[in-house]
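Peer 1: Contents of protein11.cif (mmCIF, C-alpha atoms) are below:
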```cif
data_model
#
loop_
_atom_site.label_atom_id
_atom_site.label_comp_id
_atom_site.auth_asym_id
_atom_site.auth_seq_id
_atom_site.Cartn_x
_atom_site.Cartn_y
_atom_site.Cartn_z
CA MET A 1 15.01 21.03 2.44
CA GLU A 2 16.69 21.24 5.84
CA GLU A 3 16.32 19.33 9.10
CA ILE A 4 16.20 21.58 12.15
CA LYS A 5 16.78 20.06 15.59
CA LEU A 6 15.02 21.82 18.46
CA ALA A 7 15.19 20.99 22.16
CA ASN A 8 12.21 18.65 22.07
CA THR A 9 11.40 17.96 18.43
CA THR A 10 12.63 18.07 14.85
CA LEU A 11 11.42 20.28 12.00
CA THR A 12 11.73 19.76 8.29
CA TYR A 13 12.21 23.18 6.70
CA ILE A 14 11.33 23.83 3.07
CA PRO A 15 12.17 27.41 2.03
CA ALA A 16 9.86 29.42 -0.16
CA GLN A 17 10.55 29.12 -3.87
CA LYS A 18 9.72 32.77 -4.45
CA THR A 19 11.39 35.85 -2.96
CA THR A 20 8.44 37.12 -0.96
CA PRO A 21 9.67 38.12 2.50
CA THR A 22 6.23 39.37 3.56
CA GLN A 23 4.51 36.02 2.97
CA PRO A 24 3.30 34.14 6.05
CA ALA A 25 5.32 31.14 7.22
CA MET A 26 3.57 27.80 7.70
CA VAL A 27 4.14 25.22 10.46
CA ILE A 28 2.55 21.95 9.28
CA CYS A 29 1.22 19.23 11.60
CA PRO A 30 0.33 15.94 9.86
CA GLY A 31 -2.59 13.86 11.10
CA GLY A 32 -2.53 10.26 12.28
CA ALA A 33 -4.73 9.97 15.40
CA TYR A 34 -1.69 10.71 17.61
CA ALA A 35 -0.45 7.23 16.66
CA THR A 36 1.57 8.06 13.54
CA LEU A 37 2.36 11.02 11.27
CA SER A 38 0.70 10.85 7.87
CA PRO A 39 3.32 11.31 5.12
CA PHE A 40 0.91 12.98 2.68
CA GLU A 41 -0.21 15.57 5.26
CA GLY A 42 3.28 16.79 6.09
CA GLU A 43 6.06 17.34 3.58
CA GLN A 44 3.66 17.22 0.63
CA ILE A 45 1.65 20.09 2.10
CA ALA A 46 4.80 22.02 2.99
CA ARG A 47 6.15 21.69 -0.54
CA TYR A 48 2.91 22.99 -1.99
CA PHE A 49 2.90 26.11 0.16
CA ALA A 50 6.62 26.65 -0.42
CA THR A 51 5.93 26.82 -4.18
CA ARG A 52 3.39 29.53 -3.41
CA GLY A 53 5.95 31.62 -1.54
CA PHE A 54 5.29 30.47 2.02
CA PRO A 55 8.35 29.28 4.01
CA SER A 56 7.18 25.98 5.47
CA TYR A 57 8.12 23.78 8.42
CA VAL A 58 6.87 20.27 9.17
CA CYS A 59 6.63 19.61 12.91
CA HIS A 60 7.46 16.00 13.82
CA TYR A 61 5.57 15.91 17.10
CA SER A 62 5.48 12.86 19.34
CA VAL A 63 2.92 10.10 18.79
CA GLY A 64 1.87 6.85 20.47
CA LYS A 65 2.88 6.53 24.11
CA GLN A 66 5.13 9.58 23.71
CA ALA A 67 2.12 11.77 22.81
CA ARG A 68 1.12 12.30 26.46
CA LEU A 69 0.39 15.97 26.99
CA PRO A 70 1.95 18.45 27.24
CA ALA A 71 4.67 16.94 24.98
CA PRO A 72 3.14 17.53 21.51
CA LEU A 73 1.73 20.91 22.55
CA LEU A 74 5.16 22.10 23.67
CA GLN A 75 6.80 20.69 20.55
CA LEU A 76 4.48 22.67 18.29
CA ALA A 77 5.01 25.74 20.48
CA GLU A 78 8.78 25.44 20.00
CA ALA A 79 8.24 25.14 16.24
CA VAL A 80 6.19 28.34 16.18
CA VAL A 81 8.86 30.17 18.18
CA LYS A 82 11.51 28.97 15.73
CA ALA A 83 9.45 30.15 12.76
CA HIS A 84 8.86 33.52 14.43
CA GLU A 85 12.63 34.09 14.59
CA THR A 86 12.75 34.86 10.87
CA ASN A 87 9.09 35.43 9.95
CA ALA A 88 6.78 38.17 11.19
CA PHE A 89 3.59 36.18 10.56
CA VAL A 90 3.38 32.46 11.36
CA ALA A 91 0.38 30.22 10.68
CA VAL A 92 -0.05 26.69 11.96
CA CYS A 93 -1.67 24.22 9.59
CA GLY A 94 -2.87 20.78 10.64
CA PHE A 95 -5.01 17.87 9.53
CA SER A 96 -7.22 15.61 11.64
CA ALA A 97 -5.21 15.01 14.85
CA GLY A 98 -2.67 17.55 13.58
CA GLY A 99 -5.55 20.00 13.19
CA HIS A 100 -6.55 19.25 16.77
CA LEU A 101 -2.99 20.02 17.91
CA CYS A 102 -2.93 23.32 15.98
CA ALA A 103 -6.29 24.34 17.44
CA LEU A 104 -5.11 23.29 20.90
CA LEU A 105 -2.05 25.54 20.68
CA SER A 106 -4.27 28.32 19.33
CA THR A 107 -6.33 28.13 22.53
CA ARG A 108 -3.63 27.11 25.04
CA TRP A 109 -0.62 29.11 23.85
CA ARG A 110 -0.31 30.84 27.22
CA ASP A 111 0.01 27.47 28.96
CA ALA A 112 2.67 26.38 26.48
CA ALA A 113 4.64 29.62 26.83
CA ASN A 114 4.58 29.44 30.62
CA ALA A 115 5.70 25.79 30.59
CA LEU A 116 8.62 26.62 28.30
CA GLY A 117 9.50 29.91 30.00
CA LEU A 118 9.07 31.79 26.72
CA HIS A 119 7.44 35.06 25.77
CA GLN A 120 3.76 34.41 25.22
CA ARG A 121 3.47 36.34 21.96
CA ASP A 122 6.33 34.35 20.41
CA VAL A 123 4.40 31.13 21.05
CA ARG A 124 0.99 32.33 19.84
CA PRO A 125 0.30 31.46 16.17
CA ASP A 126 -0.87 34.40 14.08
CA ALA A 127 -3.38 32.25 12.20
CA CYS A 128 -4.53 28.66 11.95
CA VAL A 129 -5.46 26.48 8.96
CA LEU A 130 -7.39 23.34 9.91
CA GLY A 131 -8.26 20.41 7.65
CA TYR A 132 -11.03 18.07 8.91
CA PRO A 133 -9.92 18.71 12.52
CA MET A 134 -11.04 17.06 15.75
CA THR A 135 -11.98 20.04 17.96
CA ASN A 136 -14.37 18.62 20.58
CA VAL A 137 -13.36 15.29 22.08
CA THR A 138 -16.51 15.23 24.21
CA LEU A 139 -18.42 14.40 21.02
CA PRO A 140 -18.72 10.75 19.93
CA MET A 141 -17.00 9.68 16.72
CA PRO A 142 -18.08 6.80 14.48
CA LEU A 143 -16.26 3.50 14.93
CA GLN A 144 -14.42 2.46 11.79
CA PRO A 145 -14.57 -0.92 10.01
CA LEU A 146 -11.39 -2.90 9.53
CA GLN A 147 -12.11 -2.99 5.81
CA MET A 148 -10.61 0.50 5.48
CA PHE A 149 -7.17 -1.18 5.53
CA GLN A 150 -7.86 -4.40 3.63
CA SER A 151 -6.64 -3.03 0.31
CA VAL A 152 -3.16 -2.70 1.85
CA GLY A 153 -1.08 -5.74 0.97
CA GLY A 154 -4.15 -7.91 0.42
CA LEU A 155 -4.41 -8.68 4.15
CA GLN A 156 -7.72 -9.40 5.87
CA GLY A 157 -9.21 -8.73 9.32
CA VAL A 158 -7.06 -7.58 12.23
CA SER A 159 -3.88 -8.47 10.34
CA SER A 160 -4.68 -5.72 7.83
CA VAL A 161 -4.55 -3.00 10.50
CA PRO A 162 -1.15 -1.24 10.75
CA GLU A 163 0.64 -1.92 14.02
CA TYR A 164 0.46 1.71 15.15
CA PHE A 165 -3.35 1.63 14.87
CA ARG A 166 -3.81 -1.69 16.72
CA PRO A 167 -4.46 0.15 20.04
CA ALA A 168 -7.64 1.50 18.42
CA LEU A 169 -9.10 -2.02 18.07
CA CYS A 170 -12.27 -2.68 20.03
CA HIS A 171 -14.85 -5.47 20.05
CA THR A 172 -18.52 -4.78 19.36
CA PRO A 173 -21.57 -7.03 18.82
CA GLU A 174 -21.08 -6.36 15.11
CA GLY A 175 -17.44 -7.47 15.22
CA ASP A 176 -14.04 -5.80 15.50
CA ARG A 177 -13.96 -2.05 14.95
CA LEU A 178 -11.45 0.81 15.30
CA ASP A 179 -12.08 3.53 17.88
CA PHE A 180 -9.69 6.30 16.87
CA ARG A 181 -11.22 8.77 19.33
CA ALA A 182 -10.53 6.51 22.32
CA MET A 183 -6.99 5.81 21.12
CA SER A 184 -6.25 9.52 20.64
CA ILE A 185 -7.57 10.38 24.10
CA ARG A 186 -5.55 7.54 25.65
CA ASN A 187 -2.39 8.73 23.92
CA LEU A 188 -2.94 12.34 25.00
CA LEU A 189 -4.18 11.82 28.56
CA GLY A 190 -2.75 8.43 29.47
CA THR A 191 -6.07 6.97 30.60
CA ASP A 192 -9.11 5.20 29.19
CA ALA A 193 -11.43 6.92 31.67
CA PRO A 194 -10.77 10.67 31.69
CA ASP A 195 -13.19 12.89 33.58
CA GLU A 196 -15.21 15.66 31.95
CA ASN A 197 -12.74 18.38 32.94
CA ALA A 198 -9.88 16.48 31.32
CA LEU A 199 -11.85 16.08 28.09
CA ARG A 200 -12.77 19.76 28.05
CA SER A 201 -9.10 20.68 28.54
CA ILE A 202 -8.27 19.06 25.18
CA SER A 203 -11.37 20.30 23.31
CA PRO A 204 -10.25 23.49 21.53
CA CYS A 205 -13.75 24.61 20.55
CA LEU A 206 -14.57 24.84 24.28
CA LEU A 207 -11.42 26.86 25.02
CA VAL A 208 -11.69 29.67 22.47
CA ASP A 209 -11.35 33.17 23.91
CA GLN A 210 -10.90 36.67 22.53
CA ASP A 211 -7.15 36.11 22.00
CA THR A 212 -7.50 32.94 19.92
CA PRO A 213 -5.96 33.43 16.45
CA PRO A 214 -8.17 33.58 13.35
CA ALA A 215 -8.75 30.30 11.54
CA PHE A 216 -9.48 28.85 8.13
CA VAL A 217 -11.35 25.56 8.55
CA TRP A 218 -12.34 23.05 5.89
CA THR A 219 -13.93 19.62 5.85
CA THR A 220 -16.57 17.60 3.96
CA PHE A 221 -20.14 16.63 4.78
CA THR A 222 -19.31 12.99 4.10
CA ASP A 223 -16.25 12.62 6.36
CA SER A 224 -16.95 9.26 8.03
CA LEU A 225 -14.31 9.59 10.77
CA VAL A 226 -14.40 13.15 12.16
CA PRO A 227 -17.93 14.55 11.72
CA TYR A 228 -18.15 17.99 10.13
CA GLU A 229 -19.71 19.29 13.36
CA HIS A 230 -16.18 19.53 14.80
CA SER A 231 -15.33 22.16 12.20
CA VAL A 232 -18.65 23.96 12.59
CA GLN A 233 -18.33 24.19 16.37
CA TYR A 234 -14.81 25.65 16.18
CA ALA A 235 -15.88 28.27 13.63
CA GLN A 236 -18.94 29.11 15.74
CA ALA A 237 -16.78 29.49 18.86
CA LEU A 238 -14.52 31.94 17.00
CA SER A 239 -17.53 33.86 15.69
CA ALA A 240 -18.95 34.17 19.20
CA GLN A 241 -15.72 35.95 20.19
CA GLY A 242 -15.75 38.19 17.13
CA ILE A 243 -12.68 36.48 15.64
CA CYS A 244 -12.15 36.27 11.90
CA SER A 245 -12.74 32.80 10.48
CA ALA A 246 -13.53 31.06 7.20
CA LEU A 247 -15.44 27.78 7.13
CA HIS A 248 -15.68 25.61 4.01
CA ILE A 249 -17.71 22.39 4.07
CA PHE A 250 -17.45 20.61 0.73
CA SER A 251 -20.31 18.36 -0.29
CA GLN A 252 -18.32 15.15 -0.62
CA GLY A 253 -14.94 13.69 0.22
CA GLU A 254 -13.53 11.18 2.67
CA HIS A 255 -11.36 11.79 5.71
CA GLY A 256 -7.65 12.27 5.14
CA GLU A 257 -7.66 13.96 1.74
CA GLY A 258 -4.54 16.04 2.26
CA LEU A 259 -4.20 18.26 -0.81
CA ALA A 260 -7.36 16.56 -2.16
CA GLU A 261 -5.89 16.41 -5.67
CA ARG A 262 -8.37 13.72 -6.74
CA ASN A 263 -11.43 15.57 -5.51
CA PRO A 264 -12.57 18.19 -8.05
CA GLU A 265 -14.39 20.09 -5.31
CA SER A 266 -12.26 20.08 -2.16
CA CYS A 267 -9.04 20.39 -4.20
CA LEU A 268 -9.82 24.11 -4.08
CA TRP A 269 -9.00 24.38 -0.38
CA PRO A 270 -5.25 25.21 -0.76
CA THR A 271 -6.01 28.16 -3.03
CA LEU A 272 -8.78 29.35 -0.73
CA ALA A 273 -6.49 29.02 2.30
CA GLU A 274 -3.65 30.84 0.52
CA ASN A 275 -5.87 33.79 -0.36
CA TRP A 276 -7.32 33.88 3.16
CA LEU A 277 -3.85 33.86 4.73
CA LEU A 278 -2.70 36.71 2.51
CA SER A 279 -5.78 38.65 3.52
CA VAL A 280 -5.45 38.17 7.30
CA SER A 281 -1.69 38.70 7.28
CA SER A 282 -2.07 42.04 5.53
CA HIS A 283 -4.81 43.14 7.98
CA PRO A 284 -3.73 41.69 11.34
#
```
Using structure tokens, write down the structure from this file.
Peer 2:
Amino acid sequence: MEEIKLANTTLTYIPAQKTTPTQPAMVICPGGAYATLSPFEGEQIARYFATRGFPSYVCHYSVGKQARLPAPLLQLAEAVVKAHETNAFVAVCGFSAGGHLCALLSTRWRDAANALGLHQRDVRPDACVLGYPMTNVTLPMPLQPLQMFQSVGGLQGVSSVPEYFRPALCHTPEGDRLDFRAMSIRNLLGTDAPDENALRSISPCLLVDQDTPPAFVWTTFTDSLVPYEHSVQYAQALSAQGICSALHIFSQGEHGEGLAERNPESCLWPTLAENWLLSVSSHP
């Protein structure tokens, strides 16, 4: 494992454990609602793919008040450029908010390249792997109960919510809830009242064009945070442009599964994604 310092971000590099120079490289973006970086959606994922022969990089993009665009978009773009220096085929792989960021770069790579003064094709990912991604921020998302955190440290109520998620707190007639969509939008756009054009500009499924990279997308029907429609709409947008995609919606599983090792159904996604990546990288 190696730490790589770039101009605007840091990568954790985990080399492939097999000598397979033709394997795709992976740039991993953990989730965390643009408020934190989930530890089990970063290095753990990278280590898995490294054991399968994929050189892997974890992108430590900015979160919280530092997540104002274009910062995280440019950070991921720099990571892709770095990976392209030694790898012919580079896939981005993200979960939840990290999936949103990967899809955003897949649809706005020209903007990122122009902002950085880099060659556009060096910035463009060759493929995209998305786990339970947010792809259309114009859609509502269910508010979350505080109870989702009450098993942590035995705390109750607001005190159970991690500090980095406190900005998601909102008051409803039914009591305190967590609005992760509003917090993510605020972190990205710096406002609680963005207009429709601003929301569309950060909704990857509305930005897909004929040059968007192919994507492997997976989620579950029972995801209570990011509805499966986000995944469906992104896959449909790719299909409308004639772009290769794979969509897997597993029958059950909660948001934030990562490798999904405890789910006998969705635990298949890494193998499915690996085989898909090998297929698209051999037939670009």
Peer 1: Pull the closest atom pair for each residue of segment 166-266 of chain A that gets at most 10 Å from segment 30-48 of chain A, along with the distance in Å to one decimal, counting only C-alpha atoms, ordering rows by chain and then ascending residue number, as a tab-separated table.
Peer 2:
```
residue	atom	partner	partner_atom	distance
A:Arg166	CA	A:Ala35	CA	9.5
A:Pro167	CA	A:Ala35	CA	8.8
A:Ala168	CA	A:Ala35	CA	9.4
A:Phe180	CA	A:Ala33	CA	6.3
A:Arg181	CA	A:Ala33	CA	7.7
A:Ala182	CA	A:Ala33	CA	9.7
A:Met183	CA	A:Ala33	CA	7.4
A:Ser184	CA	A:Ala33	CA	5.5
A:Ile185	CA	A:Tyr34	CA	8.8
A:Arg186	CA	A:Tyr34	CA	9.5
A:Asn187	CA	A:Tyr34	CA	6.7
A:Leu188	CA	A:Tyr34	CA	7.7
A:Gly256	CA	A:Gly31	CA	8.0
A:Glu257	CA	A:Glu41	CA	8.4
A:Gly258	CA	A:Glu41	CA	5.3
A:Leu259	CA	A:Ile45	CA	6.8
```
Peer 1: Kindly resolve the PyMOL selection byres ((chain A and resi 279) around 12) on the present coordinates and return the residues as number ranges by chain.
Peer 2: A: 23-24, 89, 127, 214-216, 244-246, 272-278, 280-284
Peer 1: Report the distance between atom CA of Val217 of chain A and atom CA of Gly99 of chain A in Å, rounded to one decimal place.
Peer 2: 9.3 Å
Peer 1: Have a look at atom CA of Ala112 of chain A and atom CA of Cys59 of chain A and let me know their distance in Å, one decimal.
Peer 2: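 A separation of 15.7 Å between them.
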Peer 1: Hey, can you check how far atom CA of Ser159 of chain A sits from atom CA of Ala260 of chain A?
Peer 2: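 Distance reported for this atom pair: 28.2 Å.
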Peer 1: Sorted by chain and rising residue number, which residues of segment 149-202 of chain A lie within 9 Å of segment 135-143 of chain A, and what are their closest atom pairs and distances in Å to one decimal, counting all atoms listed in the file, as CSV?
Peer 2:
```
residue,atom,partner,partner_atom,distance
A:Cys170,CA,A:Leu143,CA,9.0
A:Arg177,CA,A:Leu143,CA,6.0
A:Leu178,CA,A:Leu143,CA,5.5
A:Asp179,CA,A:Leu143,CA,5.1
A:Phe180,CA,A:Leu143,CA,7.4
A:Arg181,CA,A:Met141,CA,6.4
A:Ile185,CA,A:Val137,CA,7.9
A:Glu196,CA,A:Thr138,CA,7.9
A:Leu199,CA,A:Thr138,CA,6.1
A:Arg200,CA,A:Thr138,CA,7.0
A:Ile202,CA,A:Val137,CA,7.1
```
Peer 1: Given the file above and the PyMOL selection byres ((chain A and resi 1) around 6), which residues are selected, and can you give them as a PyMOL selection string?
Peer 2: chain A and resi 2+13-14
Peer 1: Please save C-alpha atoms of the selected residues as a PDB file, in the frame of the given file.
Peer 2:
```pdb
ATOM      1  CA  GLU A   2      16.690  21.240   5.840  1.00  0.00           C
ATOM      2  CA  TYR A  13      12.210  23.180   6.700  1.00  0.00           C
ATOM      3  CA  ILE A  14      11.330  23.830   3.070  1.00  0.00           C
TER       4      ILE A  14
END
```
Peer 1: Phe250 of chain A: which residues within 9 Å, counting all atoms listed in the file, same-chain residues fewer than 5 positions away excluded, as a list in words?
Peer 2: Trp218, Thr219, Thr220, Phe221, Thr222, Glu265 and Ser266 of chain A
Peer 1: Can you list what the PyMOL selection byres ((chain A and resi 79) around 9) grabs from this structure, as a list in words?
Peer 2: Leu6, Thr9, Thr10, Leu11, Val27, Tyr57, Val58, Cys59, Leu74, Gln75, Leu76, Ala77, Glu78, Val80, Val81, Lys82, Ala83, His84 and Val123 of chain A
Peer 1: How would the residues just chosen look if you wrote them out with C-alpha atoms as a PDB file, in the coordinates of the input?
Peer 2:
```
ATOM      1  CA  LEU A   6      15.020  21.820  18.460  1.00  0.00           C
ATOM      2  CA  THR A   9      11.400  17.960  18.430  1.00  0.00           C
ATOM      3  CA  THR A  10      12.630  18.070  14.850  1.00  0.00           C
ATOM      4  CA  LEU A  11      11.420  20.280  12.000  1.00  0.00           C
ATOM      5  CA  VAL A  27       4.140  25.220  10.460  1.00  0.00           C
ATOM      6  CA  TYR A  57       8.120  23.780   8.420  1.00  0.00           C
ATOM      7  CA  VAL A  58       6.870  20.270   9.170  1.00  0.00           C
ATOM      8  CA  CYS A  59       6.630  19.610  12.910  1.00  0.00           C
ATOM      9  CA  LEU A  74       5.160  22.100  23.670  1.00  0.00           C
ATOM     10  CA  GLN A  75       6.800  20.690  20.550  1.00  0.00           C
ATOM     11  CA  LEU A  76       4.480  22.670  18.290  1.00  0.00           C
ATOM     12  CA  ALA A  77       5.010  25.740  20.480  1.00  0.00           C
ATOM     13  CA  GLU A  78       8.780  25.440  20.000  1.00  0.00           C
ATOM     14  CA  VAL A  80       6.190  28.340  16.180  1.00  0.00           C
ATOM     15  CA  VAL A  81       8.860  30.170  18.180  1.00  0.00           C
ATOM     16  CA  LYS A  82      11.510  28.970  15.730  1.00  0.00           C
ATOM     17  CA  ALA A  83       9.450  30.150  12.760  1.00  0.00           C
ATOM     18  CA  HIS A  84       8.860  33.520  14.430  1.00  0.00           C
ATOM     19  CA  VAL A 123       4.400  31.130  21.050  1.00  0.00           C
TER      20      VAL A 123
END
```
Peer 1: Enclose segment 276-280 of chain A, meaning all of its atoms listed in the file, in a box aligned along x, y and z, pad it by 5 Å on each side, and list the centre and edge lengths in Å to one decimal, as AutoDock Vina command-line options.
Peer 2:
```
--center_x -5.0 --center_y 36.3 --center_z 4.9 --size_x 14.6 --size_y 14.8 --size_z 14.8
```
Peer 1: Select, from A:Gly190, A:Pro213, A:Gly98, A:Pro227, the residue with the minimum atom-to-atom distance to Gly64 of chain A, counting all atoms listed in the file.
Peer 2: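 Using all atoms listed in the file, Gly64 of chain A sits closest to A:Gly190.
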Peer 1: Name the closest residue to Pro270 of chain A among the candidates A:Pro55, A:Pro204, A:Gly131, A:Gly175; distances are taken between atoms, counting all atoms listed in the file.
Peer 2: A:Gly131
Peer 1: Measuring between all atoms listed in the file, which one of A:Arg68, A:Leu206, A:Thr51, A:Asp211 shows the shortest distance to Gln120 of chain A?
Peer 2: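 The answer is A:Asp211, which sits nearest to Gln120 of chain A.
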